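Structure file data.pdb; described as PDB, C-alpha atoms.
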```pdb
MODEL        1
ATOM      1  CA  MET S   1       0.000   0.000   0.000
ATOM      2  CA  GLN S   2       1.131   3.476  -0.749
ATOM      3  CA  MET S   3       1.412   6.105   1.917
ATOM      4  CA  ARG S   4      -1.443   8.106   0.395
ATOM      5  CA  GLU S   5      -3.818   5.130   0.588
ATOM      6  CA  ILE S   6      -2.883   4.521   4.219
ATOM      7  CA  SER S   7      -3.461   8.179   5.021
ATOM      8  CA  LYS S   8      -6.872   8.103   3.357
ATOM      9  CA  LEU S   9      -7.809   4.932   5.232
ATOM     10  CA  LEU S  10      -6.782   6.433   8.577
ATOM     11  CA  GLY S  11      -8.800   9.551   7.779
ATOM     12  CA  GLN S  12     -11.857   7.412   7.136
ATOM     13  CA  PHE S  13     -11.382   5.565  10.441
ATOM     14  CA  ALA S  14     -11.086   8.906  12.222
ATOM     15  CA  MET S  15     -14.318  10.078  10.589
ATOM     16  CA  VAL S  16     -16.133   6.945  11.779
ATOM     17  CA  GLY S  17     -14.820   7.536  15.301
ATOM     18  CA  GLN S  18     -15.902  11.157  15.187
ATOM     19  CA  LEU S  19     -19.362  10.148  14.008
ATOM     20  CA  GLY S  20     -19.627   7.639  16.866
ATOM     21  CA  LEU S  21     -18.687  10.275  19.419
ATOM     22  CA  SER S  22     -21.069  12.745  17.787
ATOM     23  CA  LEU S  23     -23.905  10.283  18.250
ATOM     24  CA  LEU S  24     -23.021   9.247  21.789
ATOM     25  CA  MET S  25     -21.836  12.340  23.656
ATOM     26  CA  PRO S  26     -24.931  14.609  23.470
ATOM     27  CA  LEU S  27     -27.094  11.768  24.754
ATOM     28  CA  LEU S  28     -24.702  10.968  27.583
ATOM     29  CA  LEU S  29     -24.375  14.627  28.559
ATOM     30  CA  CYS S  30     -28.148  15.103  28.683
ATOM     31  CA  LEU S  31     -28.609  11.949  30.743
ATOM     32  CA  PHE S  32     -25.818  13.033  33.110
ATOM     33  CA  GLY S  33     -27.531  16.407  33.501
ATOM     34  CA  CYS S  34     -30.774  14.577  34.310
ATOM     35  CA  TYR S  35     -28.928  12.458  36.862
ATOM     36  CA  LEU S  36     -27.607  15.601  38.532
ATOM     37  CA  LEU S  37     -31.099  17.119  38.596
ATOM     38  CA  VAL S  38     -32.559  13.982  40.160
ATOM     39  CA  THR S  39     -29.846  13.497  42.790
ATOM     40  CA  LYS S  40     -29.008  17.093  43.758
ATOM     41  CA  LEU S  41     -32.345  18.877  43.343
ATOM     42  CA  SER S  42     -34.656  15.916  44.046
ATOM     43  CA  VAL S  43     -36.553  16.388  40.804
ATOM     44  CA  GLY S  44     -38.692  13.408  39.824
ATOM     45  CA  ALA S  45     -37.391  10.642  37.609
ATOM     46  CA  TRP S  46     -39.698  11.866  34.828
ATOM     47  CA  VAL S  47     -36.957  14.321  33.839
ATOM     48  CA  TYR S  48     -35.066  11.467  32.158
ATOM     49  CA  ILE S  49     -37.685  11.287  29.381
ATOM     50  CA  PRO S  50     -37.229  14.866  28.076
ATOM     51  CA  GLY S  51     -33.486  14.543  28.681
ATOM     52  CA  PHE S  52     -33.353  11.434  26.517
ATOM     53  CA  ILE S  53     -35.368  13.125  23.765
ATOM     54  CA  LEU S  54     -33.166  16.229  23.850
ATOM     55  CA  GLY S  55     -30.049  14.041  23.796
ATOM     56  CA  LEU S  56     -31.307  12.200  20.729
ATOM     57  CA  GLY S  57     -32.062  15.517  19.032
ATOM     58  CA  GLY S  58     -28.560  16.738  19.761
ATOM     59  CA  SER S  59     -27.107  13.483  18.469
ATOM     60  CA  MET S  60     -29.047  13.734  15.223
ATOM     61  CA  THR S  61     -28.030  17.364  14.756
ATOM     62  CA  THR S  62     -24.326  16.717  15.220
ATOM     63  CA  ALA S  63     -24.444  13.581  13.057
ATOM     64  CA  TYR S  64     -26.115  15.587  10.287
ATOM     65  CA  LYS S  65     -23.422  18.261  10.515
ATOM     66  CA  VAL S  66     -20.689  15.615  10.282
ATOM     67  CA  TYR S  67     -22.483  14.146   7.261
ATOM     68  CA  GLN S  68     -22.642  17.590   5.624
ATOM     69  CA  SER S  69     -18.936  18.163   6.155
ATOM     70  CA  VAL S  70     -18.107  14.784   4.596
ATOM     71  CA  VAL S  71     -20.327  15.486   1.566
ATOM     72  CA  HIS S  72     -18.791  18.948   1.167
ATOM     73  CA  ARG S  73     -15.278  17.475   1.314
ATOM     74  CA  GLU S  74     -16.204  14.798  -1.263
ATOM     75  CA  GLU S  75     -17.635  17.435  -3.619
ATOM     76  CA  LYS S  76     -14.500  19.524  -3.244
ATOM     77  CA  GLU S  77     -12.297  16.534  -4.097
ATOM     78  CA  LYS S  78     -14.558  15.613  -7.004
ATOM     79  CA  SER S  79     -14.289  19.111  -8.479
ATOM     80  CA  LYS S  80     -10.485  18.867  -8.382
ATOM     81  CA  LYS S  81     -10.537  15.833 -10.692
ATOM     82  CA  ASP S  82     -10.153  16.047 -14.446
ATOM     83  CA  PRO S  83     -13.265  17.757 -15.905
ATOM     84  CA  GLY S  84     -12.922  15.801 -19.156
ATOM     85  CA  GLU S  85     -13.224  12.462 -17.367
ATOM     86  CA  VAL S  86     -16.190  10.402 -18.561
ATOM     87  CA  TYR S  87     -18.339   8.837 -15.850
ATOM     88  CA  PHE S  88     -20.726   5.919 -16.121
ATOM     89  CA  ASN S  89     -23.839   8.085 -16.425
ATOM     90  CA  LYS S  90     -22.128  11.009 -18.174
ATOM     91  CA  HIS S  91     -21.244  10.013 -21.724
ATOM     92  CA  VAL S  92     -21.095  13.373 -23.420
TER      93      VAL S  92
ENDMDL
END
```

Using structure tokens, write down the structure from this file.
Amino acid sequence: MQMREISKLLGQFAMVGQLGLSLLMPLLLCLFGCYLLVTKLSVGAWVYIPGFILGLGGSMTTAYKVYQSVVHREEKEKSKKDPGEVYFNKHV
């Protein structure tokens, strides 16, 4: 394998790791905040339900932003390629 291929592969692994953290951390932070509310302020356990929903919303938002950055990077790399290159669905 060439060094460029290894670098690209490591970049893809890093992106998968970043996506995993983007999905997990907002949910964990919201649930930790709910735990603090329940233990320190004696709020009812019902607070976990909105905390879970807000955590999922935050996870989806950050995952979507990571997805947008990947698509933008792919489009940028695609525009750098040879404009005269013929693709499968572009014959002219």

Residue with smallest distance to Glu74 of chain S - pool S:Thr62, S:Gln12, S:Lys40, S:Arg4, counting only C-alpha atoms: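 The answer is S:Gln12, which sits nearest to Glu74 of chain S.
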
For the file shown, report as a ChimeraX atom specification the outcome of the PyMOL selection byres ((chain S and resi 14-22) around 9) at residue level. /S:9-13,23-26,58-63,66-67,70

Which one of S:His72, S:Gly44, S:Gly51, S:Met3 sits closest to Phe32 of chain S if you count only C-alpha atoms?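 Looking only at the distances to Phe32 of chain S, the closest residue turns out to be S:Gly51.
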
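Across the model, the gap from atom CA of Leu27 of chain S to atom CA of Ile53 of chain S is 8.4 Å.
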
Report, in Å to a single decimal, how far apart atom CA of Leu36 of chain S and atom CA of Tyr48 of chain S are. 10.6 Å

As a check of understanding: the span from atom CA of Leu31 of chain S to atom CA of Phe52 of chain S is 6.4 Å
